[in-house]
file query.txt (compact mmCIF, C-alpha atoms)
# COMPACT_ATOMS: atom_id res chain seq x y z
CA MET A 136 24.16 -39.55 11.87
CA ARG A 137 23.64 -36.92 14.52
CA LEU A 138 24.20 -34.17 11.91
CA LYS A 139 21.65 -35.79 9.61
CA LEU A 140 19.13 -35.82 12.43
CA CYS A 141 19.81 -32.14 13.13
CA VAL A 142 19.21 -31.26 9.50
CA LEU A 143 15.96 -33.20 9.54
CA ILE A 144 14.78 -31.41 12.67
CA LEU A 145 15.73 -28.07 11.13
CA LEU A 146 13.79 -28.83 7.96
CA ALA A 147 10.77 -29.93 9.96
CA ALA A 148 10.93 -26.70 11.97
CA MET A 149 11.06 -24.40 8.95
CA PRO A 150 7.35 -23.96 8.33
CA VAL A 151 6.96 -22.80 11.92
CA ALA A 152 8.92 -19.70 10.94
CA ALA A 153 6.07 -18.76 8.57
CA HIS A 154 3.22 -16.47 9.61
CA HIS A 155 1.56 -19.20 11.59
CA SER A 156 2.24 -22.83 12.03
CA PHE A 157 1.67 -24.93 8.93
CA ALA A 158 1.99 -28.07 11.04
CA ALA A 159 -0.77 -26.97 13.44
CA GLU A 160 -3.34 -26.66 10.68
CA TYR A 161 -2.23 -28.85 7.77
CA ASP A 162 -0.99 -32.40 7.35
CA ARG A 163 2.25 -32.65 5.41
CA ASN A 164 1.58 -36.38 4.93
CA LYS A 165 -1.74 -35.79 3.18
CA PRO A 166 -1.04 -34.14 -0.16
CA ILE A 167 -4.18 -33.42 -2.20
CA LYS A 168 -4.85 -32.51 -5.79
CA LEU A 169 -8.33 -31.23 -6.64
CA THR A 170 -9.92 -29.90 -9.79
CA GLY A 171 -12.85 -27.52 -9.57
CA THR A 172 -14.42 -24.25 -10.62
CA ILE A 173 -13.21 -21.06 -8.98
CA SER A 174 -16.15 -19.65 -7.00
CA LYS A 175 -14.31 -16.87 -5.18
CA PHE A 176 -10.86 -15.63 -4.30
CA ASP A 177 -9.77 -13.14 -1.67
CA LEU A 178 -6.42 -11.46 -2.24
CA THR A 179 -5.95 -10.64 1.42
CA ASN A 180 -3.13 -10.47 3.95
CA PRO A 181 -1.45 -12.10 5.71
CA HIS A 182 -2.82 -14.99 3.63
CA SER A 183 -4.96 -15.12 0.52
CA TRP A 184 -7.71 -17.67 -0.10
CA ILE A 185 -8.96 -19.39 -3.24
CA TYR A 186 -12.28 -21.27 -3.22
CA ILE A 187 -13.15 -23.94 -5.78
CA ASP A 188 -16.33 -25.97 -6.24
CA VAL A 189 -15.33 -29.61 -6.55
CA LYS A 190 -17.61 -32.37 -7.79
CA GLU A 191 -17.02 -35.36 -5.50
CA ALA A 192 -17.26 -39.04 -6.53
CA ASP A 193 -20.86 -39.23 -5.25
CA GLY A 194 -21.85 -36.28 -7.47
CA LYS A 195 -22.14 -33.83 -4.59
CA VAL A 196 -20.43 -30.44 -5.08
CA ASN A 197 -18.34 -29.17 -2.19
CA THR A 198 -16.63 -25.81 -1.90
CA TRP A 199 -12.99 -26.20 -0.95
CA GLY A 200 -10.96 -23.33 0.45
CA PHE A 201 -7.21 -23.16 -0.11
CA GLU A 202 -5.01 -20.90 1.96
CA THR A 203 -2.08 -19.41 0.07
CA ALA A 204 0.88 -17.16 0.74
CA SER A 205 0.39 -13.41 1.28
CA LEU A 206 -0.51 -11.23 -1.70
CA ILE A 207 2.96 -9.72 -2.06
CA SER A 208 4.58 -13.18 -1.87
CA LEU A 209 2.24 -14.39 -4.64
CA PHE A 210 3.08 -11.26 -6.68
CA ARG A 211 6.81 -11.90 -6.31
CA LYS A 212 6.25 -15.40 -7.72
CA GLY A 213 4.54 -13.94 -10.80
CA PHE A 214 0.90 -13.76 -9.66
CA LYS A 215 -1.15 -10.82 -11.04
CA LYS A 216 -4.58 -9.66 -9.88
CA ASP A 217 -6.09 -10.90 -13.17
CA SER A 218 -4.35 -14.30 -12.99
CA LEU A 219 -7.55 -15.93 -11.69
CA LYS A 220 -11.12 -15.64 -12.94
CA VAL A 221 -14.29 -16.77 -11.20
CA GLY A 222 -15.82 -19.65 -13.22
CA GLU A 223 -12.50 -20.99 -14.49
CA ILE A 224 -11.72 -24.68 -13.98
CA VAL A 225 -8.40 -25.06 -12.22
CA THR A 226 -6.41 -27.74 -10.45
CA ILE A 227 -4.92 -27.01 -7.04
CA GLU A 228 -2.26 -29.12 -5.37
CA GLY A 229 -1.58 -28.75 -1.69
CA PHE A 230 -1.97 -30.31 1.73
CA LEU A 231 -5.14 -31.28 3.56
CA ALA A 232 -6.24 -29.49 6.74
CA LYS A 233 -6.13 -31.51 9.93
CA ASP A 234 -9.57 -30.37 11.12
CA GLY A 235 -11.47 -32.46 8.59
CA THR A 236 -13.06 -29.49 6.80
CA HIS A 237 -12.89 -28.88 3.05
CA THR A 238 -9.77 -26.83 3.51
CA GLY A 239 -6.23 -27.11 2.28
CA ASN A 240 -2.94 -25.29 2.06
CA GLY A 241 -2.40 -24.44 -1.61
CA GLN A 242 1.01 -25.01 -3.16
CA ARG A 243 0.42 -24.89 -6.91
CA LEU A 244 -2.48 -23.98 -9.18
CA THR A 245 -2.78 -25.06 -12.81
CA LEU A 246 -4.81 -22.86 -15.14
CA PRO A 247 -6.87 -24.21 -18.08
CA ASN A 248 -4.06 -23.25 -20.48
CA GLY A 249 -1.62 -25.41 -18.51
CA SER A 250 0.33 -22.54 -16.97
CA GLN A 251 1.04 -22.79 -13.27
CA VAL A 252 0.72 -20.31 -10.43
CA ILE A 253 2.85 -20.84 -7.33
CA LEU A 254 0.65 -20.45 -4.24
CA GLY A 255 3.22 -21.30 -1.59
CA THR A 256 6.26 -23.44 -1.07
CA GLU A 257 6.51 -26.48 1.13
CA GLU A 258 9.44 -24.86 2.95
CA ASN A 259 7.58 -21.62 3.54
CA PRO A 260 3.87 -22.03 3.02
CA GLY A 261 3.24 -18.43 4.06
CA MET B 96 47.92 33.71 -5.63
CA PRO B 97 49.01 30.27 -6.75
CA LYS B 98 47.33 29.17 -9.97
CA ARG B 99 45.54 26.23 -8.38
CA ARG B 100 43.91 28.30 -5.65
CA PHE B 101 42.84 30.94 -8.20
CA GLY B 102 41.18 28.20 -10.22
CA PHE B 103 39.33 27.03 -7.13
CA VAL B 104 38.08 30.56 -6.35
CA VAL B 105 36.84 31.00 -9.93
CA ALA B 106 35.07 27.64 -9.77
CA LEU B 107 33.49 28.55 -6.42
CA ALA B 108 32.31 31.93 -7.75
CA ALA B 109 30.85 30.25 -10.83
CA MET B 110 29.06 27.70 -8.61
CA MET B 111 27.60 30.42 -6.37
CA ALA B 112 26.45 32.43 -9.38
CA SER B 113 24.54 29.40 -10.66
CA ILE B 114 22.58 28.98 -7.41
CA SER B 115 19.21 30.70 -7.60
CA PRO B 116 17.88 32.72 -4.62
CA ALA B 117 15.32 30.00 -3.83
CA GLN B 118 18.05 27.37 -3.69
CA LYS B 119 20.07 29.55 -1.32
CA THR B 120 17.26 29.67 1.22
CA ALA B 121 15.97 26.09 0.96
CA PRO B 122 17.92 23.73 3.22
CA ARG B 123 19.75 20.95 1.38
CA THR B 124 20.75 17.38 2.10
CA PRO B 125 24.44 16.45 1.58
CA ASP B 126 23.60 15.22 -1.93
CA GLY B 127 22.18 18.64 -2.81
CA LYS B 128 18.46 17.82 -2.76
CA PRO B 129 15.92 19.99 -0.92
CA ASP B 130 15.81 18.87 2.71
CA LEU B 131 12.29 17.81 3.72
CA GLN B 132 13.43 15.86 6.76
CA GLY B 133 11.63 16.24 10.04
CA ILE B 134 8.39 15.29 11.78
CA TRP B 135 5.33 16.79 10.12
CA GLN B 136 1.57 16.85 10.63
CA THR B 137 -1.44 18.43 8.98
CA LYS B 138 -3.89 20.57 10.95
CA ASN B 139 -7.23 20.27 9.22
CA ALA B 140 -10.35 18.13 8.99
CA ALA B 141 -9.53 16.50 5.63
CA ALA B 142 -9.45 13.02 7.18
CA PHE B 143 -13.15 13.48 7.97
CA ASP B 144 -14.12 15.18 4.71
CA VAL B 145 -11.53 15.70 1.98
CA SER B 146 -13.75 18.19 0.13
CA GLU B 147 -12.73 20.67 2.88
CA VAL B 148 -9.31 20.93 1.21
CA ALA B 149 -10.38 20.40 -2.41
CA GLU B 150 -10.16 23.24 -4.89
CA GLY B 151 -13.62 24.86 -4.93
CA HIS B 152 -14.69 22.35 -2.23
CA GLU B 153 -16.00 20.20 -5.08
CA ILE B 154 -15.29 16.61 -6.06
CA PRO B 155 -16.26 16.13 -9.73
CA TYR B 156 -18.05 12.80 -9.42
CA LEU B 157 -19.34 10.88 -12.41
CA PRO B 158 -23.03 9.97 -11.86
CA GLU B 159 -22.26 6.24 -12.16
CA ALA B 160 -19.56 6.56 -9.48
CA LEU B 161 -22.02 8.20 -7.08
CA GLU B 162 -24.42 5.35 -7.72
CA ARG B 163 -21.66 2.78 -7.08
CA GLU B 164 -20.76 4.61 -3.88
CA GLN B 165 -24.38 4.49 -2.66
CA LYS B 166 -24.45 0.71 -3.13
CA GLY B 167 -20.98 0.19 -1.66
CA ASP B 168 -19.70 -0.63 1.78
CA ARG B 169 -20.85 1.81 4.44
CA VAL B 170 -18.17 1.12 7.03
CA ASP B 171 -14.96 3.08 6.73
CA PRO B 172 -12.17 0.60 5.85
CA ILE B 173 -9.92 2.18 8.48
CA ALA B 174 -12.45 1.07 11.11
CA HIS B 175 -11.26 -2.44 10.16
CA CYS B 176 -7.66 -1.22 10.47
CA PHE B 177 -6.97 -1.28 6.75
CA MET B 178 -4.27 1.20 5.72
CA PRO B 179 -5.72 4.56 4.71
CA GLY B 180 -4.26 4.78 1.20
CA VAL B 181 -2.73 7.82 -0.50
CA PRO B 182 -3.33 10.75 -0.12
CA ARG B 183 -5.38 9.99 3.03
CA ILE B 184 -2.34 8.79 4.98
CA THR B 185 -0.90 12.33 4.68
CA TYR B 186 -3.85 14.02 6.37
CA MET B 187 -4.60 11.40 8.99
CA PRO B 188 -4.43 13.39 12.24
CA PHE B 189 -1.12 11.81 13.29
CA PRO B 190 2.51 12.86 12.82
CA PHE B 191 4.84 11.37 10.23
CA GLN B 192 8.57 11.60 9.71
CA ILE B 193 10.40 12.19 6.44
CA LEU B 194 13.92 10.79 6.10
CA GLN B 195 16.10 11.18 3.01
CA ARG B 196 18.89 9.07 1.57
CA PRO B 197 20.46 9.44 -1.86
CA GLY B 198 17.95 8.02 -4.34
CA LYS B 199 15.06 7.67 -1.90
CA VAL B 200 12.71 9.55 0.37
CA VAL B 201 11.26 7.58 3.28
CA PHE B 202 7.92 8.45 4.84
CA MET B 203 7.34 6.90 8.24
CA TYR B 204 3.82 7.37 9.52
CA GLU B 205 2.98 6.99 13.18
CA TYR B 206 -0.49 5.79 12.16
CA LEU B 207 -0.37 1.98 11.87
CA HIS B 208 3.45 2.24 11.54
CA ASP B 209 2.89 2.60 7.81
CA GLN B 210 5.84 3.44 5.61
CA ARG B 211 6.49 4.49 2.06
CA ILE B 212 10.00 4.11 0.66
CA VAL B 213 9.84 6.30 -2.42
CA PRO B 214 12.58 5.85 -5.04
CA THR B 215 13.56 9.16 -6.66
CA ASN B 216 15.14 7.52 -9.68
CA PRO B 217 12.63 6.64 -12.39
CA ARG B 218 11.24 3.10 -12.59
CA PRO B 219 7.98 1.82 -14.08
CA HIS B 220 5.00 1.27 -11.79
CA LEU B 221 4.13 -2.28 -10.68
CA GLU B 222 1.58 -4.11 -12.78
CA GLY B 223 -1.20 -6.44 -11.67
CA ILE B 224 -1.43 -5.71 -7.96
CA ASP B 225 -3.60 -3.47 -5.75
CA LEU B 226 -1.85 -2.24 -2.63
CA TRP B 227 -3.35 -0.31 0.29
CA LEU B 228 -0.65 2.38 0.05
CA GLY B 229 -0.18 1.95 -3.70
CA ASP B 230 3.08 2.09 -5.62
CA SER B 231 5.00 5.37 -5.25
CA VAL B 232 7.69 6.58 -7.65
CA GLY B 233 9.28 9.99 -7.05
CA HIS B 234 11.39 12.57 -8.80
CA TRP B 235 12.66 16.08 -8.07
CA ASP B 236 11.12 18.92 -10.04
CA GLY B 237 13.42 21.80 -9.06
CA ASP B 238 12.87 22.23 -5.32
CA THR B 239 9.72 20.10 -5.30
CA LEU B 240 9.49 16.39 -4.56
CA VAL B 241 6.92 14.88 -6.93
CA VAL B 242 5.52 11.45 -6.06
CA ASP B 243 3.47 9.55 -8.61
CA VAL B 244 1.18 6.99 -6.98
CA THR B 245 -0.79 4.19 -8.70
CA ASN B 246 -1.90 0.61 -7.84
CA LEU B 247 -4.12 1.95 -5.03
CA HIS B 248 -6.59 -0.52 -3.56
CA PRO B 249 -10.15 0.22 -4.77
CA LYS B 250 -11.55 -0.56 -1.31
CA SER B 251 -9.84 2.40 0.37
CA TRP B 252 -11.69 5.66 0.97
CA LEU B 253 -10.30 9.21 0.76
CA ASP B 254 -11.89 10.17 4.10
CA SER B 255 -14.47 9.11 6.69
CA ALA B 256 -17.17 10.82 4.61
CA ARG B 257 -17.15 7.85 2.20
CA HIS B 258 -15.52 9.62 -0.73
CA THR B 259 -14.38 6.63 -2.75
CA HIS B 260 -12.34 5.80 -5.85
CA SER B 261 -11.62 2.89 -8.19
CA ASP B 262 -8.48 0.91 -9.03
CA ALA B 263 -7.78 3.54 -11.73
CA LEU B 264 -6.89 6.14 -9.08
CA HIS B 265 -3.73 8.07 -9.93
CA VAL B 266 -2.38 10.55 -7.40
CA VAL B 267 0.45 13.00 -8.06
CA GLU B 268 1.76 14.52 -4.83
CA ARG B 269 3.98 17.60 -4.63
CA TYR B 270 6.03 18.48 -1.54
CA THR B 271 7.68 21.92 -1.52
CA ARG B 272 9.55 23.31 1.49
CA THR B 273 8.19 26.82 2.08
CA GLY B 274 9.87 27.67 5.38
CA PRO B 275 11.69 26.23 8.39
CA ASN B 276 8.45 24.77 9.74
CA THR B 277 6.27 24.34 6.65
CA ILE B 278 5.94 22.22 3.54
CA ALA B 279 3.31 23.01 0.92
CA TYR B 280 1.54 19.75 0.05
CA GLU B 281 -0.55 19.35 -3.07
CA ALA B 282 -2.11 16.27 -4.61
CA THR B 283 -3.77 15.97 -7.99
CA ILE B 284 -6.34 13.18 -7.93
CA GLU B 285 -7.45 11.56 -11.15
CA ASP B 286 -9.61 8.50 -11.72
CA PRO B 287 -11.50 8.29 -15.02
CA LYS B 288 -13.80 5.60 -13.57
CA THR B 289 -14.89 7.91 -10.71
CA TYR B 290 -14.32 11.60 -11.49
CA SER B 291 -15.14 13.61 -14.63
CA LYS B 292 -11.81 15.45 -14.41
CA PRO B 293 -8.68 15.58 -12.25
CA TRP B 294 -9.09 17.60 -9.05
CA LYS B 295 -6.67 19.01 -6.58
CA ILE B 296 -6.23 19.23 -2.83
CA SER B 297 -3.69 21.39 -1.04
CA MET B 298 -2.68 21.98 2.55
CA PRO B 299 0.36 22.96 4.58
CA LEU B 300 2.34 20.35 6.51
CA HIS B 301 3.47 21.76 9.85
CA ARG B 302 6.69 20.72 11.49
CA VAL B 303 6.23 19.29 14.96
CA THR B 304 8.52 21.60 16.95
CA GLU B 305 7.95 20.20 20.43
CA PRO B 306 11.46 19.49 21.81
CA GLY B 307 12.31 15.80 21.98
CA PHE B 308 9.16 14.75 20.11
CA GLU B 309 9.43 11.23 18.71
CA LEU B 310 7.07 8.99 16.75
CA ARG B 311 5.49 6.34 18.97
CA GLU B 312 3.33 3.29 18.43
CA GLN B 313 -0.09 3.97 16.92
CA GLU B 314 -1.58 0.52 16.69
CA CYS B 315 -4.99 -0.35 15.30
CA THR B 316 -6.71 -3.54 16.29
CA GLU B 317 -9.93 -4.49 14.57
CA GLY B 318 -12.89 -3.78 16.80
CA ASP B 319 -10.88 -1.30 18.83
CA ASN B 320 -13.51 1.46 18.60
CA GLY B 321 -12.16 2.65 15.26
CA ARG B 322 -15.66 3.75 14.30
CA ALA B 323 -15.91 5.92 17.37
CA ILE B 324 -12.85 7.87 16.29
CA HIS B 325 -13.80 8.10 12.62
CA PRO B 326 -17.59 7.92 12.34
CA PRO B 327 -18.90 7.09 8.88
CA TYR B 328 -20.86 10.17 7.93
CA ARG B 329 -21.30 12.47 4.99
CA PRO B 330 -21.89 16.11 5.85
CA ALA B 331 -24.84 17.97 4.37
CA PRO B 332 -24.12 19.34 0.89
CA ARG B 333 -23.03 22.96 0.79
CA SER B 334 -25.78 25.26 -0.37
call {"tool": "encode", "arguments": {"input": "query.txt", "output": "structure tokens"}}
result
Amino acid sequence: MRLKLCVLILLAAMPVAAHHSFAAEYDRNKPIKLTGTISKFDLTNPHSWIYIDVKEADGKVNTWGFETASLISLFRKGFKKDSLKVGEIVTIEGFLAKDGTHTGNGQRLTLPNGSQVILGTEENPG
Amino acid sequence: MPKRRFGFVVALAAMMASISPAQKTAPRTPDGKPDLQGIWQTKNAAAFDVSEVAEGHEIPYLPEALEREQKGDRVDPIAHCFMPGVPRITYMPFPFQILQRPGKVVFMYEYLHDQRIVPTNPRPHLEGIDLWLGDSVGHWDGDTLVVDVTNLHPKSWLDSARHTHSDALHVVERYTRTGPNTIAYEATIEDPKTYSKPWKISMPLHRVTEPGFELREQECTEGDNGRAIHPPYRPAPRS
């Protein structure tokens, strides 16, 4: 029992080892999945950002920003600089920010052709 | 003379005969490669204006590239602490150390603690990524280390004078030991989206001979007066 608890604590602590604390900014209990049009992406370090325009239920369009792993981490998971195109409709899965803004931590992106781009991993979101 | 020893002497004589005079003088690493190890630094103003060290002091710009440059960012990326790119990292006015291991040459730059670990066995360049220091692949051409550099980030500049390039930049560097305290450095710069033809820069690298000299921390923090050190300016054209 005690060992199990230790393992759980260890797992919970893992994201803290990333560049900055996932837990401080994002809510692991609030997974989100949004579809929208890519308006911009910044392949920057230590984290990259992808912005999509999402049409909400009330018809309003909001720009959502998703933080991803660093550029070289994305590259090692198969990402190329031409993997994304502004204007493309994509689906991003990730976790909602705690601050209530239209921001999330991106985990996975699905392109129009169905292929997926890994943006981060739950264990090490970057 | 026992037969075995005679054989050894013959082999040694044959080996010595095959060594050219240049190879005799150039220091070697244990694996027989030219020894470029040491702490080196340039002594010129190329970091401010690279045309100072360009052949004919000319950079063969395409008209459309000049136009792009005029519309582009006017703040030197290094003022934001971005890495300087290649070849600019070589002529930043800070020392750098070369270390060699079999199959690789390591460049450790004091400036921003940048490093380049250059494999000297052939491998293809990376595809689909722009990196601030690019992707370097080396090989030995006789006594010269040749480093082929691609994947350079299009936002980097070649100097503070806003000489720019595109993501098609291809730099071929040549390092040749010319004496105990000198390396001849040459870089051929080609970018069909920016220049009408390849152009070349050359300069000596000087060994830092101060006893006990070591690389130290050379940090850059955004907003830390970077612009004061490297003002964005373009000198008047030469008449």
call {"tool": "atom_distance", "arguments": {"input": "query.txt", "atom1": "CA of Gly167 (chain B)", "atom2": "CA of Glu147 (chain B)"}}
result
22.5 Å
call {"tool": "atom_distance", "arguments": {"input": "query.txt", "atom1": "CA of Trp294 (chain B)", "atom2": "CA of Ala279 (chain B)"}}
result
16.8 Å
call {"tool": "residues_near_point", "arguments": {"input": "query.txt", "point": "(-22.8, 4.8, -10.8)", "cutoff": "12 Å", "atoms": "all atoms listed in the file", "output": "MDAnalysis selection string"}}
result
chainID B and resid 156:167 259:261 288:290
call {"tool": "residues_around", "arguments": {"input": "query.txt", "residues": "Trp184 (chain A)", "least_positions_apart": "3", "cutoff": "6 Å", "atoms": "all atoms listed in the file", "output": "list in words"}}
result
Phe176, Asp177, Phe201, Glu202 and Thr203 of chain A
call {"tool": "closest_residue", "arguments": {"input": "query.txt", "among": "B:Ala256, B:Met178, B:Val232, B:Leu226", "to": "His208 (chain B)", "atoms": "all atoms listed in the file"}}
result
B:Met178
call {"tool": "interface_residues", "arguments": {"input": "query.txt", "of": "chain A", "to": "chain B", "cutoff": "12 Å", "atoms": "all atoms listed in the file", "output": "PyMOL selection string"}}
result
chain A and resi 178-180+206-211+213-219
call {"tool": "decode", "arguments": {"input": "query.txt", "residues": "region 139-229 of chain B", "atoms": "C-alpha atoms", "output": "short mmCIF file (atom, residue, chain, number, x, y, z; two decimals), in the first residue's frame"}}
result
data_model
loop_
_atom_site.label_atom_id
_atom_site.label_comp_id
_atom_site.auth_asym_id
_atom_site.auth_seq_id
_atom_site.Cartn_x
_atom_site.Cartn_y
_atom_site.Cartn_z
CA ASN B 139 38.50 41.85 -36.56
CA ALA B 140 35.29 43.82 -36.90
CA ALA B 141 33.35 41.16 -38.85
CA ALA B 142 30.73 40.84 -36.10
CA PHE B 143 29.80 44.47 -36.80
CA ASP B 144 30.05 44.28 -40.59
CA VAL B 145 30.89 41.00 -42.30
CA SER B 146 31.68 42.73 -45.61
CA GLU B 147 34.96 43.78 -43.92
CA VAL B 148 36.18 40.20 -44.34
CA ALA B 149 34.35 39.33 -47.57
CA GLU B 150 36.30 38.80 -50.78
CA GLY B 151 36.27 42.17 -52.58
CA HIS B 152 34.31 43.61 -49.61
CA GLU B 153 31.17 42.85 -51.60
CA ILE B 154 28.08 40.82 -50.76
CA PRO B 155 26.33 39.86 -54.02
CA TYR B 156 22.75 40.61 -53.00
CA LEU B 157 19.78 39.84 -55.20
CA PRO B 158 17.59 42.96 -55.56
CA GLU B 159 14.58 41.16 -54.06
CA ALA B 160 16.66 40.16 -51.03
CA LEU B 161 17.68 43.78 -50.43
CA GLU B 162 14.03 44.75 -50.60
CA ARG B 163 13.10 41.99 -48.12
CA GLU B 164 15.88 43.17 -45.83
CA GLN B 165 14.58 46.76 -45.91
CA LYS B 166 11.13 45.57 -44.82
CA GLY B 167 12.49 43.14 -42.23
CA ASP B 168 13.18 43.38 -38.53
CA ARG B 169 15.51 46.23 -37.61
CA VAL B 170 16.68 44.93 -34.25
CA ASP B 171 19.66 42.60 -34.26
CA PRO B 172 18.42 39.15 -33.10
CA ILE B 173 21.40 38.86 -30.76
CA ALA B 174 20.05 41.89 -28.88
CA HIS B 175 17.24 39.49 -27.89
CA CYS B 176 19.88 36.90 -26.95
CA PHE B 177 19.18 34.63 -29.90
CA MET B 178 22.20 32.54 -30.90
CA PRO B 179 24.28 34.25 -33.59
CA GLY B 180 24.18 31.48 -36.21
CA VAL B 181 27.04 30.25 -38.40
CA PRO B 182 29.44 31.73 -39.44
CA ARG B 183 28.73 34.68 -37.11
CA ILE B 184 29.44 32.64 -33.97
CA THR B 185 33.06 32.25 -35.19
CA TYR B 186 33.73 35.99 -35.37
CA MET B 187 31.80 37.09 -32.32
CA PRO B 188 34.43 38.95 -30.28
CA PHE B 189 34.69 36.18 -27.68
CA PRO B 190 37.00 33.17 -27.33
CA PHE B 191 36.01 29.62 -28.19
CA GLN B 192 37.63 26.28 -27.52
CA ILE B 193 38.08 23.41 -29.97
CA LEU B 194 38.23 19.88 -28.55
CA GLN B 195 38.70 16.74 -30.65
CA ARG B 196 37.65 13.15 -30.12
CA PRO B 197 37.76 10.37 -32.71
CA GLY B 198 34.84 11.00 -35.07
CA LYS B 199 33.95 14.46 -33.77
CA VAL B 200 35.19 17.99 -33.35
CA VAL B 201 33.61 19.99 -30.53
CA PHE B 202 33.38 23.77 -30.63
CA MET B 203 32.64 25.37 -27.28
CA TYR B 204 31.91 29.07 -27.51
CA GLU B 205 32.16 31.33 -24.50
CA TYR B 206 29.42 33.49 -26.02
CA LEU B 207 26.06 32.22 -24.69
CA HIS B 208 27.79 28.89 -23.84
CA ASP B 209 26.93 27.78 -27.36
CA GLN B 210 28.33 24.52 -28.62
CA ARG B 211 28.62 22.65 -31.88
CA ILE B 212 29.39 18.93 -31.78
CA VAL B 213 30.46 18.28 -35.36
CA PRO B 214 30.54 14.65 -36.53
CA THR B 215 33.42 14.00 -38.93
CA ASN B 216 31.87 10.84 -40.35
CA PRO B 217 29.38 11.52 -43.12
CA ARG B 218 25.66 11.63 -42.32
CA PRO B 219 22.80 13.38 -44.13
CA HIS B 220 21.67 16.80 -42.91
CA LEU B 221 18.49 17.07 -40.81
CA GLU B 222 15.29 17.78 -42.69
CA GLY B 223 12.38 20.01 -41.70
CA ILE B 224 13.87 22.08 -38.90
CA ASP B 225 15.49 25.53 -38.62
CA LEU B 226 18.09 25.79 -35.88
CA TRP B 227 19.89 28.91 -34.65
CA LEU B 228 23.29 27.23 -35.05
CA GLY B 229 22.16 25.03 -37.94
#
